[in-house]
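The next block is input39.cif, given as mmCIF, C-alpha atoms, pLDDT in the B column; chains and numbers go by the auth columns.
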```
data_target
#
loop_
_atom_site.group_PDB
_atom_site.id
_atom_site.type_symbol
_atom_site.label_atom_id
_atom_site.label_comp_id
_atom_site.label_asym_id
_atom_site.label_seq_id
_atom_site.Cartn_x
_atom_site.Cartn_y
_atom_site.Cartn_z
_atom_site.B_iso_or_equiv
_atom_site.auth_seq_id
_atom_site.auth_asym_id
ATOM 1 C CA MET A 1 13.638 -51.002 -60.543 66.00 1 A
ATOM 2 C CA CYS A 2 15.417 -48.483 -58.314 75.00 2 A
ATOM 3 C CA MET A 3 16.106 -49.544 -54.756 86.00 3 A
ATOM 4 C CA GLU A 4 16.864 -47.046 -52.012 93.00 4 A
ATOM 5 C CA LYS A 5 20.243 -47.556 -50.377 95.00 5 A
ATOM 6 C CA THR A 6 20.350 -48.606 -46.745 96.00 6 A
ATOM 7 C CA ASP A 7 21.747 -46.240 -44.123 97.00 7 A
ATOM 8 C CA TRP A 8 24.814 -48.502 -43.929 98.00 8 A
ATOM 9 C CA GLU A 9 25.375 -48.207 -47.697 97.00 9 A
ATOM 10 C CA LYS A 10 24.963 -44.430 -47.483 97.00 10 A
ATOM 11 C CA CYS A 11 27.562 -44.310 -44.678 97.00 11 A
ATOM 12 C CA VAL A 12 29.972 -46.327 -46.806 98.00 12 A
ATOM 13 C CA ASP A 13 29.419 -43.936 -49.731 98.00 13 A
ATOM 14 C CA PHE A 14 30.054 -40.933 -47.479 98.00 14 A
ATOM 15 C CA HIS A 15 33.192 -42.429 -45.918 98.00 15 A
ATOM 16 C CA GLY A 16 34.550 -43.928 -49.134 98.00 16 A
ATOM 17 C CA HIS A 17 34.927 -47.555 -48.074 97.00 17 A
ATOM 18 C CA SER A 18 33.548 -50.198 -45.752 97.00 18 A
ATOM 19 C CA CYS A 19 35.630 -50.952 -42.655 95.00 19 A
ATOM 20 C CA PRO A 20 35.283 -52.100 -39.028 95.00 20 A
ATOM 21 C CA GLY A 21 35.739 -48.549 -37.723 95.00 21 A
ATOM 22 C CA LEU A 22 32.876 -47.252 -39.828 97.00 22 A
ATOM 23 C CA ALA A 23 30.726 -50.153 -38.602 97.00 23 A
ATOM 24 C CA ILE A 24 31.449 -49.132 -35.002 97.00 24 A
ATOM 25 C CA GLY A 25 30.405 -45.540 -35.695 98.00 25 A
ATOM 26 C CA TYR A 26 27.285 -46.784 -37.454 98.00 26 A
ATOM 27 C CA ARG A 27 26.246 -48.913 -34.478 98.00 27 A
ATOM 28 C CA VAL A 28 27.149 -46.186 -31.945 98.00 28 A
ATOM 29 C CA SER A 29 25.053 -43.639 -33.840 98.00 29 A
ATOM 30 C CA LEU A 30 22.033 -45.917 -34.166 98.00 30 A
ATOM 31 C CA ALA A 31 22.217 -46.759 -30.464 98.00 31 A
ATOM 32 C CA ALA A 32 22.476 -43.081 -29.501 98.00 32 A
ATOM 33 C CA LEU A 33 19.573 -42.022 -31.693 98.00 33 A
ATOM 34 C CA ASP A 34 17.440 -44.906 -30.437 97.00 34 A
ATOM 35 C CA ASN A 35 18.265 -44.460 -26.743 97.00 35 A
ATOM 36 C CA LEU A 36 17.764 -40.692 -26.916 97.00 36 A
ATOM 37 C CA ASP A 37 14.592 -41.148 -28.997 95.00 37 A
ATOM 38 C CA GLU A 38 15.973 -38.656 -31.516 95.00 38 A
ATOM 39 C CA MET A 39 16.112 -38.227 -35.266 94.00 39 A
ATOM 40 C CA ARG A 40 19.018 -36.946 -37.360 94.00 40 A
ATOM 41 C CA SER A 41 19.828 -33.403 -36.239 91.00 41 A
ATOM 42 C CA GLY A 42 18.698 -30.831 -38.787 91.00 42 A
ATOM 43 C CA ASP A 43 20.169 -27.993 -36.789 92.00 43 A
ATOM 44 C CA GLU A 44 21.683 -28.272 -33.297 92.00 44 A
ATOM 45 C CA GLU A 45 19.127 -30.500 -31.566 94.00 45 A
ATOM 46 C CA LEU A 46 21.838 -33.088 -30.918 97.00 46 A
ATOM 47 C CA VAL A 47 25.415 -32.605 -29.791 97.00 47 A
ATOM 48 C CA ALA A 48 28.062 -35.277 -30.382 98.00 48 A
ATOM 49 C CA ILE A 49 31.389 -35.393 -28.591 98.00 49 A
ATOM 50 C CA VAL A 50 33.833 -37.943 -29.999 98.00 50 A
ATOM 51 C CA GLU A 51 37.069 -38.977 -28.313 98.00 51 A
ATOM 52 C CA ASN A 52 38.896 -40.191 -31.436 97.00 52 A
ATOM 53 C CA ASP A 53 39.416 -39.180 -35.030 97.00 53 A
ATOM 54 C CA ALA A 54 39.062 -42.653 -36.556 96.00 54 A
ATOM 55 C CA CYS A 55 36.742 -43.895 -39.297 97.00 55 A
ATOM 56 C CA SER A 56 33.850 -44.208 -36.842 97.00 56 A
ATOM 57 C CA VAL A 57 33.351 -40.461 -36.599 98.00 57 A
ATOM 58 C CA ASP A 58 32.323 -40.231 -40.257 98.00 58 A
ATOM 59 C CA ALA A 59 29.352 -42.477 -39.508 98.00 59 A
ATOM 60 C CA VAL A 60 28.551 -40.369 -36.448 98.00 60 A
ATOM 61 C CA MET A 61 28.489 -37.180 -38.520 98.00 61 A
ATOM 62 C CA PHE A 62 26.526 -38.743 -41.365 98.00 62 A
ATOM 63 C CA LEU A 63 23.845 -40.498 -39.307 98.00 63 A
ATOM 64 C CA THR A 64 23.346 -37.983 -36.491 98.00 64 A
ATOM 65 C CA GLY A 65 23.687 -34.771 -38.481 97.00 65 A
ATOM 66 C CA CYS A 66 26.222 -33.448 -35.977 97.00 66 A
ATOM 67 C CA THR A 67 28.953 -31.544 -37.815 96.00 67 A
ATOM 68 C CA PHE A 68 31.785 -29.104 -37.174 93.00 68 A
ATOM 69 C CA GLY A 69 30.039 -26.580 -39.417 91.00 69 A
ATOM 70 C CA LYS A 70 26.899 -26.514 -37.269 93.00 70 A
ATOM 71 C CA GLY A 71 28.938 -26.421 -34.078 92.00 71 A
ATOM 72 C CA ASN A 72 27.307 -29.525 -32.630 95.00 72 A
ATOM 73 C CA PHE A 73 30.238 -31.884 -33.254 96.00 73 A
ATOM 74 C CA ILE A 74 33.102 -31.702 -30.763 96.00 74 A
ATOM 75 C CA TYR A 75 36.381 -33.600 -31.052 97.00 75 A
ATOM 76 C CA ARG A 76 38.459 -34.473 -27.997 97.00 76 A
ATOM 77 C CA ASP A 77 41.784 -36.112 -28.812 97.00 77 A
ATOM 78 C CA HIS A 78 41.709 -38.865 -26.175 97.00 78 A
ATOM 79 C CA GLY A 79 42.267 -41.810 -28.531 96.00 79 A
ATOM 80 C CA LYS A 80 39.319 -43.708 -27.034 96.00 80 A
ATOM 81 C CA GLN A 81 36.309 -45.387 -28.610 96.00 81 A
ATOM 82 C CA VAL A 82 34.010 -43.206 -26.503 98.00 82 A
ATOM 83 C CA TYR A 83 31.111 -41.151 -27.825 98.00 83 A
ATOM 84 C CA ILE A 84 28.892 -38.731 -25.904 98.00 84 A
ATOM 85 C CA PHE A 85 25.568 -37.528 -27.257 98.00 85 A
ATOM 86 C CA GLY A 86 23.319 -34.888 -25.772 97.00 86 A
ATOM 87 C CA SER A 87 19.779 -33.964 -26.766 97.00 87 A
ATOM 88 C CA ARG A 88 18.607 -30.380 -26.443 95.00 88 A
ATOM 89 C CA ASN A 89 15.022 -31.629 -26.840 93.00 89 A
ATOM 90 C CA SER A 90 15.072 -33.929 -23.810 94.00 90 A
ATOM 91 C CA ASN A 91 18.084 -32.554 -21.900 94.00 91 A
ATOM 92 C CA LYS A 92 19.273 -36.159 -21.765 96.00 92 A
ATOM 93 C CA ALA A 93 22.852 -37.251 -22.446 98.00 93 A
ATOM 94 C CA LEU A 94 24.503 -40.617 -23.015 98.00 94 A
ATOM 95 C CA ARG A 95 28.070 -41.892 -22.913 98.00 95 A
ATOM 96 C CA LEU A 96 28.691 -44.850 -25.208 98.00 96 A
ATOM 97 C CA ALA A 97 31.947 -46.788 -24.902 98.00 97 A
ATOM 98 C CA VAL A 98 32.931 -49.680 -27.157 97.00 98 A
ATOM 99 C CA LYS A 99 33.541 -52.775 -25.042 95.00 99 A
ATOM 100 C CA ASP A 100 36.758 -54.821 -25.100 88.00 100 A
ATOM 101 C CA LYS A 101 34.702 -57.794 -26.329 77.00 101 A
ATOM 102 C CA VAL A 102 34.586 -56.195 -29.759 79.00 102 A
ATOM 103 C CA SER A 103 38.329 -56.567 -30.322 78.00 103 A
ATOM 104 C CA GLU A 104 38.367 -60.022 -28.796 74.00 104 A
ATOM 105 C CA ALA A 105 35.450 -61.191 -30.959 69.00 105 A
ATOM 106 C CA GLN A 106 37.273 -60.118 -34.110 75.00 106 A
ATOM 107 C CA GLU A 107 40.586 -61.921 -33.555 79.00 107 A
ATOM 108 C CA GLY A 108 41.477 -64.102 -36.515 81.00 108 A
ATOM 109 C CA LEU A 109 38.677 -62.771 -38.702 85.00 109 A
ATOM 110 C CA ASP A 110 39.086 -61.235 -42.141 90.00 110 A
ATOM 111 C CA TRP A 111 38.001 -57.654 -42.881 90.00 111 A
ATOM 112 C CA GLU A 112 34.444 -58.456 -44.037 93.00 112 A
ATOM 113 C CA ALA A 113 33.864 -60.880 -41.166 93.00 113 A
ATOM 114 C CA ARG A 114 34.966 -58.175 -38.696 92.00 114 A
ATOM 115 C CA ILE A 115 32.527 -55.704 -40.217 94.00 115 A
ATOM 116 C CA ASN A 116 29.673 -58.221 -40.136 95.00 116 A
ATOM 117 C CA THR A 117 30.464 -59.157 -36.523 93.00 117 A
ATOM 118 C CA ILE A 118 30.173 -55.502 -35.488 95.00 118 A
ATOM 119 C CA LEU A 119 27.004 -54.925 -37.509 97.00 119 A
ATOM 120 C CA GLU A 120 25.306 -58.026 -36.096 96.00 120 A
ATOM 121 C CA MET A 121 26.615 -58.070 -32.515 94.00 121 A
ATOM 122 C CA PRO A 122 23.949 -57.495 -29.829 95.00 122 A
ATOM 123 C CA GLU A 123 24.073 -53.889 -28.605 96.00 123 A
ATOM 124 C CA ASN A 124 24.810 -54.880 -24.992 95.00 124 A
ATOM 125 C CA ASP A 125 27.837 -56.920 -26.135 94.00 125 A
ATOM 126 C CA LEU A 126 29.123 -54.071 -28.298 96.00 126 A
ATOM 127 C CA LEU A 127 28.537 -50.988 -26.159 97.00 127 A
ATOM 128 C CA GLU A 128 28.463 -49.797 -22.601 98.00 128 A
ATOM 129 C CA ILE A 129 25.736 -47.145 -22.539 98.00 129 A
ATOM 130 C CA LYS A 130 25.322 -44.864 -19.547 98.00 130 A
ATOM 131 C CA GLU A 131 23.024 -41.923 -19.037 98.00 131 A
ATOM 132 C CA ILE A 132 25.123 -39.027 -17.767 98.00 132 A
ATOM 133 C CA ASP A 133 24.653 -35.493 -16.509 96.00 133 A
ATOM 134 C CA MET A 134 25.963 -33.070 -19.072 93.00 134 A
ATOM 135 C CA GLU A 135 25.722 -29.357 -19.541 91.00 135 A
ATOM 136 C CA LEU A 136 25.263 -28.944 -23.261 89.00 136 A
ATOM 137 C CA PRO A 137 27.533 -26.398 -24.901 87.00 137 A
ATOM 138 C CA PRO A 138 25.887 -23.192 -26.074 85.00 138 A
ATOM 139 C CA ARG A 139 24.526 -23.104 -29.597 87.00 139 A
ATOM 140 C CA ALA A 140 26.982 -22.030 -32.274 83.00 140 A
ATOM 141 C CA SER A 141 27.690 -18.312 -32.368 83.00 141 A
ATOM 142 C CA LEU A 142 27.795 -16.198 -35.486 85.00 142 A
ATOM 143 C CA TYR A 143 30.605 -13.670 -35.787 90.00 143 A
ATOM 144 C CA ASN A 144 31.443 -10.833 -38.136 94.00 144 A
ATOM 145 C CA SER A 145 34.422 -11.185 -40.430 95.00 145 A
ATOM 146 C CA VAL A 146 37.328 -8.742 -40.506 96.00 146 A
ATOM 147 C CA LYS A 147 40.201 -8.378 -42.943 96.00 147 A
ATOM 148 C CA CYS A 148 43.709 -9.306 -41.816 97.00 148 A
ATOM 149 C CA ALA A 149 46.018 -6.306 -42.167 97.00 149 A
ATOM 150 C CA GLU A 150 48.935 -8.552 -43.216 96.00 150 A
ATOM 151 C CA CYS A 151 47.642 -11.262 -45.563 97.00 151 A
ATOM 152 C CA GLY A 152 44.398 -9.582 -46.605 97.00 152 A
ATOM 153 C CA GLU A 153 42.260 -12.653 -45.939 97.00 153 A
ATOM 154 C CA THR A 154 39.069 -12.461 -43.943 96.00 154 A
ATOM 155 C CA VAL A 155 39.012 -13.950 -40.467 96.00 155 A
ATOM 156 C CA MET A 156 36.276 -14.519 -37.906 94.00 156 A
ATOM 157 C CA GLU A 157 36.333 -11.447 -35.661 94.00 157 A
ATOM 158 C CA ALA A 158 36.459 -13.606 -32.511 94.00 158 A
ATOM 159 C CA ARG A 159 39.660 -15.291 -33.775 93.00 159 A
ATOM 160 C CA ALA A 160 41.415 -12.114 -34.904 95.00 160 A
ATOM 161 C CA ARG A 161 44.395 -10.797 -32.956 96.00 161 A
ATOM 162 C CA VAL A 162 45.971 -7.373 -32.588 96.00 162 A
ATOM 163 C CA LYS A 163 49.617 -7.109 -33.641 96.00 163 A
ATOM 164 C CA GLU A 164 51.366 -3.771 -33.553 95.00 164 A
ATOM 165 C CA GLY A 165 47.984 -2.056 -33.410 96.00 165 A
ATOM 166 C CA LYS A 166 46.605 -3.859 -36.476 96.00 166 A
ATOM 167 C CA ILE A 167 43.956 -6.584 -36.732 96.00 167 A
ATOM 168 C CA VAL A 168 45.519 -9.815 -38.012 96.00 168 A
ATOM 169 C CA CYS A 169 44.626 -13.492 -38.345 96.00 169 A
ATOM 170 C CA ILE A 170 46.218 -16.069 -36.031 96.00 170 A
ATOM 171 C CA PRO A 171 48.858 -17.285 -38.542 96.00 171 A
ATOM 172 C CA CYS A 172 49.982 -13.699 -39.199 96.00 172 A
ATOM 173 C CA ALA A 173 49.978 -12.919 -35.474 95.00 173 A
ATOM 174 C CA CYS A 174 52.383 -15.847 -34.935 93.00 174 A
ATOM 175 C CA LYS A 175 54.934 -14.721 -37.552 89.00 175 A
#
```
Take the structure from the file and write it as structure tokens.
Amino acid sequence: MCMEKTDWEKCVDFHGHSCPGLAIGYRVSLAALDNLDEMRSGDEELVAIVENDACSVDAVMFLTGCTFGKGNFIYRDHGKQVYIFGSRNSNKALRLAVKDKVSEAQEGLDWEARINTILEMPENDLLEIKEIDMELPPRASLYNSVKCAECGETVMEARARVKEGKIVCIPCACK
């Protein structure tokens, strides 16, 4: 008998281990998808902006389908448990912030108990969810590639620089 893995188990497989941070990203993503009435983004229907680079963002990428490669995943290094999601389908955007109660509720708990607390906590105790006005970024652009005159590697034309009259990549331009 083969049983399909749960979305949580699939997130753990993607991330590599189970942890409280991943549980936060899991809950944030489910809340965003539910509140935006969206499905996993196959292309660029959703845009995710994350304000940290912790374990939670792996769950966001996995569950929402927002990725750097598709251009619909944006990282802002603010060190905050804040996540913004925008829907191109509905032109609706949400800001989700993890509440202080989460840390307080986990004091004195072991790793597994922390994870379970996050997974089972009522959404309104876990997250502050606000609908916001947001101008969605343009869809990802496609650029031609050019060859760097110094290192010989190809570089996206929009990122190429001119150094002494030659087209070079950014690392070679900075030498």
(message) With the PyMOL selection byres ((chain A and resi 35-41) around 12) as the selection, what would be picked from this file? Answer as a PyMOL selection string, please.
(response) chain A and resi 7+27-34+42-48+59-67+70-73+84-96+123+129-132
(message) Counting all atoms listed in the file, which residue out of A:Arg159, A:Lys99, A:His78, A:Lys166 sits closest to Asn144 in chain A?
(response) A:Arg159
(request) Check what the PyMOL selection byres ((chain A and resi 51) around 9) selects in the file above and give those residues as a PyMOL selection string. (result) chain A and resi 49-50+52-53+74-84
(message) If the PyMOL selection byres ((chain A and resi 119) around 10) were run on this exact file, what residues would it hold? Put them as a ChimeraX atom specification.
(response) /A:8,20,22-24,26-27,113-118,120-123,126
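From CA of Phe68 in chain A back to CA of Ile170 in chain A, the distance works out to 19.5 Å.
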